[in-house]
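Visitor: One structure follows; several queries about it will come next.
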Amino acid sequence: MNKALTVLQEIFGYENFRSPQAEIIDTVIAGGDALVLMPTGGGKSLCYQIPAIARDGCGIVISPLIALMQDQVGALKQLGVRASFLNSTLDHQAANDIEQALRDNALDLLYIAPERLVKERTLGLLKSIQISLFAIDEAHCVSQWGHDFRSDYLQLSILHREFPDIPRIALTATADARTQKDIKERLDLVRAEQYLVGFDRPNIRYTIGLKNNPRNQLAKFLKQEHLTDAGIIYCLSRKKTEETAAWLKNQGFNALAYHAGLSVTERAENQAAFLREESVIIVATIAFGMGIDKPDVRFVVHLDLPKTIESYYQETGRAGRDGKPANAWLLYGLQDVIKLREMLDRSQGNEEYKRIERHRLNRMLALCETTTCRRQALLHYFDEQAADRCDNCDTCINPVETWDATEASRKALSVVYRTGQRFGVNHLVDVLRGAENEKVRQFEHQLLPVHGIGKELDGNQWHSVFRQLMARGYIRANLERYSAICLENKCRPLLRGEETIELRKDSKQKITRQQTKTALPTDLDVGLWEALRECRRRLAETQGVPPYIIFHDSTLLLMAELLPSSLAEFAGLSGVGDRKREKYGPAFIEVIRSSACSD
Ligand code: ADP
Ligand code: ZN
């Protein structure tokens with residue numbers, strides 16, 4: 001029988017390869033190079049783990065994040081694979097032991113941080129041993145165009161020069177066309193076989209709503225859909241993560257903050273709680289997430305607008321790695337746009353950088369304001385074709401109405417112009433609606449011809465017009481005068497009446513309930529299920545690993561459904577390899593047996 005398939009079945013306990021794992025693995029086993037683009041949860045790890053096990057020598061995995069290494073090595077050891085990692089968390093003795101194991105050819109896989117790999121000493125060591133392959137994980141880090149650029153990755157071209165005969169496989173879940181090009185050029189993979197699996201994550205439901213009263217909106221969303229689920233909530237600032245976590249705690253949720261300003265211990269504790277307990281919500285800045293392999297994250301919330309679609313896609317991608325229904329839920333408002341544009345303009349980068357980043361922010365805004373399918377817009381961004389409707393995003397489920405806003409937009413632009421491009425949206429709306437308050441009188445704006453020309457729309461509707469005009473680049477917020485609105489060149493044709501414009505009708509934000517029920521089947525024996533989970537929790541605790549590293553929920557569900565009563569039957573479950581059958585089979589079979597007796 002085919003060696004790769006034997007490894008898949010006996011070690012990993014899975015019956016079949018997913019497409020295109022088999023081809024990728026064959027290519028690498030045969031000594032070829034590969035570039036793999038596969039969405040999160042697609043099964044990238046097996047693409048290098050199996051060739052590393054099947055080929056002679058040790059597979060070297062270059063990975064940027066230490067948390068990811070520990071997780072992956074922990075999971076591999078559970079399967080009986082000889083895996084280790086080399087990074088700065090190891091003391092001298094531990095590192096020496098691993099180097100010795102390498103020289104003794106006693107490892108199948110070694111995870112290593114890029115900065116460590118390129119050291120003279122490490123390269124010397126690698127030269128002296130047999131290497132089965134190099135796997136470059138998170139390969140998009142090599143591109144400046146990507147959002148996780150790491151200069152250490154640039155040096156990885158050394159692999160090709162120093163080890164020309166060893167196969168290299170680069171893997172990533174996020175790379176648009178330009179990033180792909182960078183990866184190929186900088187890692188010398190121009191002639192490598194390419195495997196591009198679509199970006200779509202069909203089990204994720206995308207919802208983008210307007211921010212009115214974000215805390216209440218959030219509480220309602222969580223209570224209706226995710227009362228006891230694990231999830232991640234992203235905020236822009238550290239302070240906001242802490243305030244939001246505290247508030248959620250008050251509401252009865254098990255929420256913890258996570259950001260780069262917390263102590264190392266605190267961060268490690270909160271992350272461990274998230275991984276090990278079942279229903280923890282992490283409220284985090286973007287410092288959290290890369291390298292989080294937790295498969296059962298049921299929702300990812302953004303309380304602030306991400307800067308780019310890449311970030312949005314990557315952050316939301318942390319939901320539902322197990323393939324079961326999950327929510328990606330974003331709230332945004334005019335202030336987000338103003339804030340992000342301002343941060344960008346004030347940032348260090350050169351003009352070219354700012355131009356690119358501005359463009360990417362605009363694409364993100366366009367996704368927020370789109371009136372058609374979100375998934376289609378998202379996939380288009382990554383140059384992928386998609387059906388017109390996915391039926392699993394807010395705009396498909398509750399179609400957006402549009403209106404001809406040409407007249408209203410011209411009025412809005414006129415009031416900006418007539419008041420000298422010096423005022424924020426609230427004041428502009430007051431002038432349009434004909435208010436006679438103190439500020440209006442102070443600037444004598446009641447005398448302007450635009451005063452009171454917009455009584456047909458209410459305040460919210462005018463805010464919606466300004467927001468959408470800003471999102472589409474007709475107006476912007478002035479840097480020198482915080483939040484003063486000014487005109488962009490783009491507005492001229494609209495002002496002159498040469499262009500018309502359709503805008504979204506903002507409806508009251510509806511929560512689009514997942515029609516899909518919770519992941520558990522209705523006829524599940526709840527008592528047995530709880531007993532199986534308790535057994536898993538106990539084993540995880542003794543081993544010092546997260547429960548899902550013992551078995552995923554999906555394997556536990558199979559136990560509850562098929563009630564294996566022998567080790568042979570137990571081995572037939574998806575997710576049970578030889579090692580786990582021996583190590584954990586008896587304990588779970590006992591749980592199943594005693595549950596049957598107590599019926
Ligand atoms: P990625 O790194 O692409 O995000 P992983 O390698 O972590 O994805 O795989 C995601 C999940 O899918 C893991 O739980 C993995 O065990 C599972 N998986 C991968 N390949 C298979 C397969 N051929 N059959 C069953 N499950 C698989
Ligand atoms: Zn859709």
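Chain labels run A, B, ... following the order of the structure tokens; each chain numbers its residues from 1, and ligands are numbered from 1 in the order shown.
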Do you know which residues are within 10 Å of ligand 1 using only C-alpha atoms and all ligand atoms? Can you write them as a count of residues only?
Guide: 54
Visitor: Counting only C-alpha atoms and all ligand atoms, which protein, DNA or RNA residues come within 12 Å of ligand 2, given as a PyMOL selection string?
Guide: chain A and resi 200-208+367+370-379+386-400
Visitor: Neighbouring residues of Asp383 of chain A were defined as those with any atom within 8 Å, considering only C-alpha atoms; residues of the same chain fewer than 2 positions away were excluded. Please report them as a PDB file with C-alpha atoms, in the first residue's frame.
Guide:
```
ATOM      1  CA  ASP A 176      -3.163  37.638  -2.818  1.00  0.00           C
ATOM      2  CA  ALA A 177      -1.589  37.538  -6.277  1.00  0.00           C
ATOM      3  CA  LEU A 379     -13.341  36.136  -2.767  1.00  0.00           C
ATOM      4  CA  HIS A 380     -13.116  38.661  -5.587  1.00  0.00           C
ATOM      5  CA  TYR A 381     -10.561  40.520  -3.550  1.00  0.00           C
ATOM      6  CA  GLN A 385     -14.650  33.753  -8.825  1.00  0.00           C
TER       7      GLN A 385
END
```
Visitor: Enumerate as a PyMOL selection string all residues of segment 222-327 of chain A assigned to alpha helix (DSSP H) by DSSP on the backbone, naming them with the chain letters and numbers the document uses.
Guide: chain A and resi 222-225+238-250+264-276+309-316
Visitor: Quick one: residues within 12 Å of Arg472 of chain A, only C-alpha atoms, excluding same-chain residues fewer than 2 positions away - as a VMD selection string?
Guide: chain A and resid 334 337 358 to 359 361 to 370 409 465 to 470 474 to 476 487 to 488 490 to 491 501 to 503
Visitor: Any chance you could list, as a PyMOL selection string, the residues in segment 86-295 of chain A that come up strand (DSSP E) when DSSP is run on the backbone?
Guide: chain A and resi 86+109-112+131-136+168-172+193-196+204-210+231-234+255-258+281-284
Visitor: Calculated over only C-alpha atoms, which of the candidates A:Gln442, A:Ser464, A:Thr522, A:Thr555 has the smallest distance to Val429 of chain A?
Guide: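 Answer, going by the shortest atom-to-atom distance: A:Ser464.
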Visitor: Restricting the calculation to only C-alpha atoms, which member of A:Ile66, A:Val526, A:Val300, A:Ala101 is positioned closest to Leu331 of chain A?
Guide: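 Checking each of A:Ile66, A:Val526, A:Val300, A:Ala101 against Leu331 of chain A, counting only C-alpha atoms, the winner is A:Val300.
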Visitor: Env of Glu357 of chain A: 12 Å cut, atoms = only C-alpha atoms, seq-sep filter 5 positions within chain, self excluded. Answer as JSON, numbers by chain.
Guide: {"A": [144, 145, 146, 147, 306, 307, 308, 309, 310, 340, 341, 342, 343, 344, 345, 347, 349, 350, 351, 352, 362, 363, 364]}
Visitor: At what distance in Å, to one decimal, does atom CA of Asp578 of chain A lie from atom CA of Leu563 of chain A?
Guide: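 Between these atoms lies a distance of 18.5 Å.
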